[in-house]
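Asks: I have a structure here, written as C-alpha coordinates, and I will follow up with some questions on it.
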Amino acid sequence: AHMLLDDVAEIGIATESLANYPDLLTLPCYDWQHMLVVPKGHALAKKKTFTIQDLALESLITYHPTFTGRTRIDLAFRAAQITPHVVLEAIDSDVIKTYVRSGLGIGIIAEMAAGKDLAPDLIAIPAGHLFGKNTTRIAFKRGNYLRDFAYAFSSYLNSSLSKEAIQKAMKNDAGASS
(Lines give C-alpha, C1' and ligand atoms only; values in the text may rest on other atoms or scores of the structure.)
Protein backbone atom coordinates (compact mmCIF):
# COMPACT_ATOMS: atom_id res chain seq x y z
CA ALA A 1 0.00 0.00 0.00
CA HIS A 2 2.77 2.43 0.88
CA MET A 3 4.59 1.69 -2.36
CA LEU A 4 1.43 2.63 -4.27
CA LEU A 5 0.90 5.77 -2.22
CA ASP A 6 4.56 6.79 -2.69
CA ASP A 7 4.35 6.19 -6.48
CA VAL A 8 6.95 3.41 -6.31
CA ALA A 9 4.49 0.78 -7.62
CA GLU A 10 1.51 1.06 -9.94
CA ILE A 11 -0.34 -2.10 -8.89
CA GLY A 12 -0.83 -3.67 -5.48
CA ILE A 13 -2.20 -7.13 -4.75
CA ALA A 14 -3.01 -8.27 -1.24
CA THR A 15 -5.64 -10.05 0.79
CA GLU A 16 -6.01 -8.00 3.93
CA SER A 17 -4.40 -4.60 3.96
CA LEU A 18 -5.18 -2.69 0.77
CA ALA A 19 -8.82 -1.85 1.48
CA ASN A 20 -7.77 0.14 4.57
CA TYR A 21 -6.36 3.05 2.56
CA PRO A 22 -8.85 5.64 1.28
CA ASP A 23 -6.37 6.95 -1.32
CA LEU A 24 -6.38 3.56 -3.04
CA LEU A 25 -9.05 2.14 -5.31
CA THR A 26 -9.33 -1.56 -4.54
CA LEU A 27 -11.22 -4.12 -6.57
CA PRO A 28 -11.80 -7.81 -5.79
CA CYS A 29 -9.75 -10.31 -7.83
CA TYR A 30 -10.60 -13.71 -6.41
CA ASP A 31 -11.81 -15.50 -3.29
CA TRP A 32 -9.96 -18.27 -1.51
CA GLN A 33 -9.93 -20.26 1.71
CA HIS A 34 -7.32 -21.71 4.02
CA MET A 35 -6.37 -25.36 3.70
CA LEU A 36 -4.95 -27.78 6.24
CA VAL A 37 -1.93 -29.67 4.98
CA VAL A 38 -1.50 -32.99 6.75
CA PRO A 39 0.43 -36.19 6.14
CA LYS A 40 -1.57 -38.93 4.45
CA GLY A 41 -3.07 -41.10 7.15
CA HIS A 42 -3.29 -38.27 9.72
CA ALA A 43 -6.35 -38.49 11.99
CA LEU A 44 -7.79 -35.22 10.61
CA ALA A 45 -7.62 -36.62 7.07
CA LYS A 46 -9.95 -39.41 8.16
CA LYS A 47 -12.59 -37.11 9.68
CA LYS A 48 -15.58 -35.95 7.64
CA THR A 49 -15.54 -32.65 9.48
CA PHE A 50 -13.29 -31.04 12.05
CA THR A 51 -13.54 -28.16 14.49
CA ILE A 52 -11.30 -25.42 15.80
CA GLN A 53 -11.06 -27.51 18.98
CA ASP A 54 -9.60 -30.37 16.92
CA LEU A 55 -6.92 -28.01 15.61
CA ALA A 56 -6.15 -26.82 19.13
CA LEU A 57 -4.88 -30.33 19.87
CA GLU A 58 -2.32 -30.13 17.06
CA SER A 59 1.06 -28.50 16.63
CA LEU A 60 0.43 -25.90 13.94
CA ILE A 61 2.71 -24.50 11.27
CA THR A 62 1.36 -21.49 9.45
CA TYR A 63 2.14 -18.07 8.08
CA HIS A 64 3.78 -15.26 9.98
CA PRO A 65 1.14 -12.90 11.49
CA THR A 66 1.83 -10.24 8.85
CA PHE A 67 1.24 -12.56 5.92
CA THR A 68 -1.46 -14.22 3.80
CA GLY A 69 -4.68 -14.20 5.74
CA ARG A 70 -3.15 -15.01 9.12
CA THR A 71 -5.55 -12.53 10.73
CA ARG A 72 -8.50 -14.82 9.99
CA ILE A 73 -6.73 -17.76 11.61
CA ASP A 74 -5.98 -15.78 14.76
CA LEU A 75 -9.52 -14.37 14.91
CA ALA A 76 -11.07 -17.84 14.67
CA PHE A 77 -9.04 -19.14 17.60
CA ARG A 78 -9.67 -15.97 19.60
CA ALA A 79 -13.44 -16.24 18.98
CA ALA A 80 -13.33 -19.80 20.32
CA GLN A 81 -11.25 -18.59 23.28
CA ILE A 82 -8.50 -21.01 22.35
CA THR A 83 -4.78 -20.35 22.18
CA PRO A 84 -3.40 -22.34 19.24
CA HIS A 85 -0.14 -24.23 19.58
CA VAL A 86 1.76 -22.60 16.72
CA VAL A 87 5.18 -24.22 16.67
CA LEU A 88 6.54 -22.52 13.55
CA GLU A 89 5.69 -19.52 11.40
CA ALA A 90 6.88 -18.89 7.86
CA ILE A 91 6.21 -16.51 5.00
CA ASP A 92 6.35 -19.22 2.36
CA SER A 93 3.94 -22.12 1.89
CA ASP A 94 6.71 -24.39 0.55
CA VAL A 95 8.55 -23.95 3.85
CA ILE A 96 5.36 -24.83 5.74
CA LYS A 97 4.89 -27.97 3.62
CA THR A 98 8.52 -28.97 4.24
CA TYR A 99 8.02 -28.69 8.01
CA VAL A 100 4.83 -30.77 7.78
CA ARG A 101 6.78 -33.40 5.82
CA SER A 102 9.40 -33.33 8.59
CA GLY A 103 6.73 -34.27 11.14
CA LEU A 104 6.78 -31.01 13.10
CA GLY A 105 3.00 -30.46 12.89
CA ILE A 106 0.17 -29.76 10.48
CA GLY A 107 0.10 -26.78 8.16
CA ILE A 108 -2.42 -24.06 7.48
CA ILE A 109 -1.81 -22.46 4.09
CA ALA A 110 -3.64 -20.53 1.37
CA GLU A 111 -5.75 -22.58 -1.02
CA MET A 112 -3.78 -21.56 -4.10
CA ALA A 113 -0.53 -22.66 -2.43
CA ALA A 114 -1.70 -26.25 -1.88
CA GLY A 115 -0.79 -27.19 -5.44
CA LYS A 116 0.08 -30.50 -7.00
CA ASP A 117 3.39 -30.78 -5.14
CA LEU A 118 1.61 -32.31 -2.12
CA ALA A 119 1.45 -35.79 -3.64
CA PRO A 120 2.23 -38.43 -2.72
CA ASP A 121 2.80 -37.83 1.00
CA LEU A 122 0.56 -34.86 1.95
CA ILE A 123 -3.07 -33.98 1.44
CA ALA A 124 -4.90 -30.66 1.61
CA ILE A 125 -8.20 -30.35 3.46
CA PRO A 126 -10.46 -27.28 3.03
CA ALA A 127 -10.73 -25.23 6.23
CA GLY A 128 -12.92 -22.35 5.06
CA HIS A 129 -15.66 -23.42 7.46
CA LEU A 130 -13.31 -22.45 10.31
CA PHE A 131 -11.47 -19.43 8.94
CA GLY A 132 -13.93 -17.95 6.46
CA LYS A 133 -13.51 -16.68 2.94
CA ASN A 134 -10.66 -14.40 1.95
CA THR A 135 -10.77 -11.93 -0.92
CA THR A 136 -7.60 -10.94 -2.69
CA ARG A 137 -7.83 -7.41 -4.05
CA ILE A 138 -5.97 -5.39 -6.64
CA ALA A 139 -5.27 -1.74 -5.89
CA PHE A 140 -4.34 1.42 -7.74
CA LYS A 141 -3.61 4.87 -6.43
CA ARG A 142 -6.65 7.05 -6.98
CA GLY A 143 -6.21 9.62 -9.70
CA ASN A 144 -3.12 7.98 -11.20
CA TYR A 145 -2.84 7.45 -14.92
CA LEU A 146 -2.63 3.72 -15.57
CA ARG A 147 -0.58 2.38 -18.43
CA ASP A 148 -1.85 -0.38 -20.70
CA PHE A 149 0.19 -3.09 -18.94
CA ALA A 150 -1.70 -2.38 -15.70
CA TYR A 151 -5.02 -2.98 -17.43
CA ALA A 152 -3.73 -6.08 -19.20
CA PHE A 153 -2.32 -7.56 -15.99
CA SER A 154 -5.58 -6.86 -14.15
CA SER A 155 -7.65 -8.63 -16.79
CA TYR A 156 -5.34 -11.67 -16.55
CA LEU A 157 -6.09 -11.87 -12.83
CA ASN A 158 -9.83 -11.57 -13.34
CA SER A 159 -11.56 -11.16 -16.67
CA SER A 160 -14.10 -8.76 -15.14
CA LEU A 161 -11.23 -6.33 -14.43
CA SER A 162 -11.21 -4.89 -17.93
CA LYS A 163 -9.77 -1.50 -18.79
CA GLU A 164 -13.30 -0.13 -19.06
CA ALA A 165 -14.35 -1.56 -15.68
CA ILE A 166 -11.28 -0.13 -13.93
CA GLN A 167 -11.68 3.28 -15.57
CA LYS A 168 -15.36 3.33 -14.59
CA ALA A 169 -14.48 2.42 -10.99
CA MET A 170 -11.80 5.14 -10.92
CA LYS A 171 -14.27 7.71 -12.24
CA ASN A 172 -17.20 6.66 -10.04
CA ASP A 173 -15.17 6.29 -6.87
CA ALA A 174 -13.01 9.39 -7.27
CA GLY A 175 -12.27 10.57 -3.74
CA ALA A 176 -14.25 7.77 -2.05
CA SER A 177 -13.01 4.53 -0.52
CA SER A 178 -14.07 1.18 -1.91
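Every chain in the C-alpha coordinates takes a letter, A first, then B, and so on in the order presented; its residues are numbered from 1, and the ligands are numbered from 1 following the presented order.
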Which neighbours of segment 116-121 of chain A fall inside 8 Å, counting only C-alpha atoms, when residues of the same chain fewer than 5 positions from it are skipped, and could you give them as a list in words?
Replies: Pro39, Lys40, Lys97 and Arg101 of chain A
Asks: Residues of segment 64-174 of chain A in helix (DSSP H, G or I) according to DSSP, as a PyMOL selection string?
Replies: chain A and resi 70-79+93-101+111-114+116-118+128-131+148-157+163-172
Asks: Would you compute the distance between atom CA of Asn134 of chain A and atom CA of Gln167 of chain A? Give it in Å to one decimal.
Replies: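 According to the coordinates, atom CA of Asn134 of chain A and atom CA of Gln167 of chain A are separated by 24.9 Å.
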Asks: Need the shell around Lys171 of chain A: protein/DNA/RNA residues with any atom at most 10 Å away, counting only C-alpha atoms. Skip same-chain ones fewer than 6 positions apart. Format as a list in words?
Replies: Arg142, Gly143 and Ala165 of chain A
Asks: In Å, rounded to a single decimal, give me how far atom CA of His85 of chain A is from atom CA of His64 of chain A.
Replies: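 It comes out at 13.7 Å.
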Asks: Of the candidates A:Phe50, A:Tyr21, A:Phe140, A:Tyr63, which shows the shortest atom-to-atom distance to Ala110 of chain A, using only C-alpha atoms?
Replies: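 Smallest separation from Ala110 of chain A among the options: A:Tyr63.
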Asks: Env of Leu36 of chain A: 12 Å cut, atoms = only C-alpha atoms, seq-sep filter 5 positions within chain, self excluded. Answer as an MDAnalysis selection string.
Replies: chainID A and resid 42 44:45 50:52 54:55 58 60:62 73 93 96:97 100 105:111 113:114 118 122:131
Asks: If we count only C-alpha atoms, what is near Met3 of chain A at a cut-off of 10 Å, once residues fewer than 5 positions away on the same chain are taken out, given as a PyMOL selection string?
Replies: chain A and resi 8-12+141
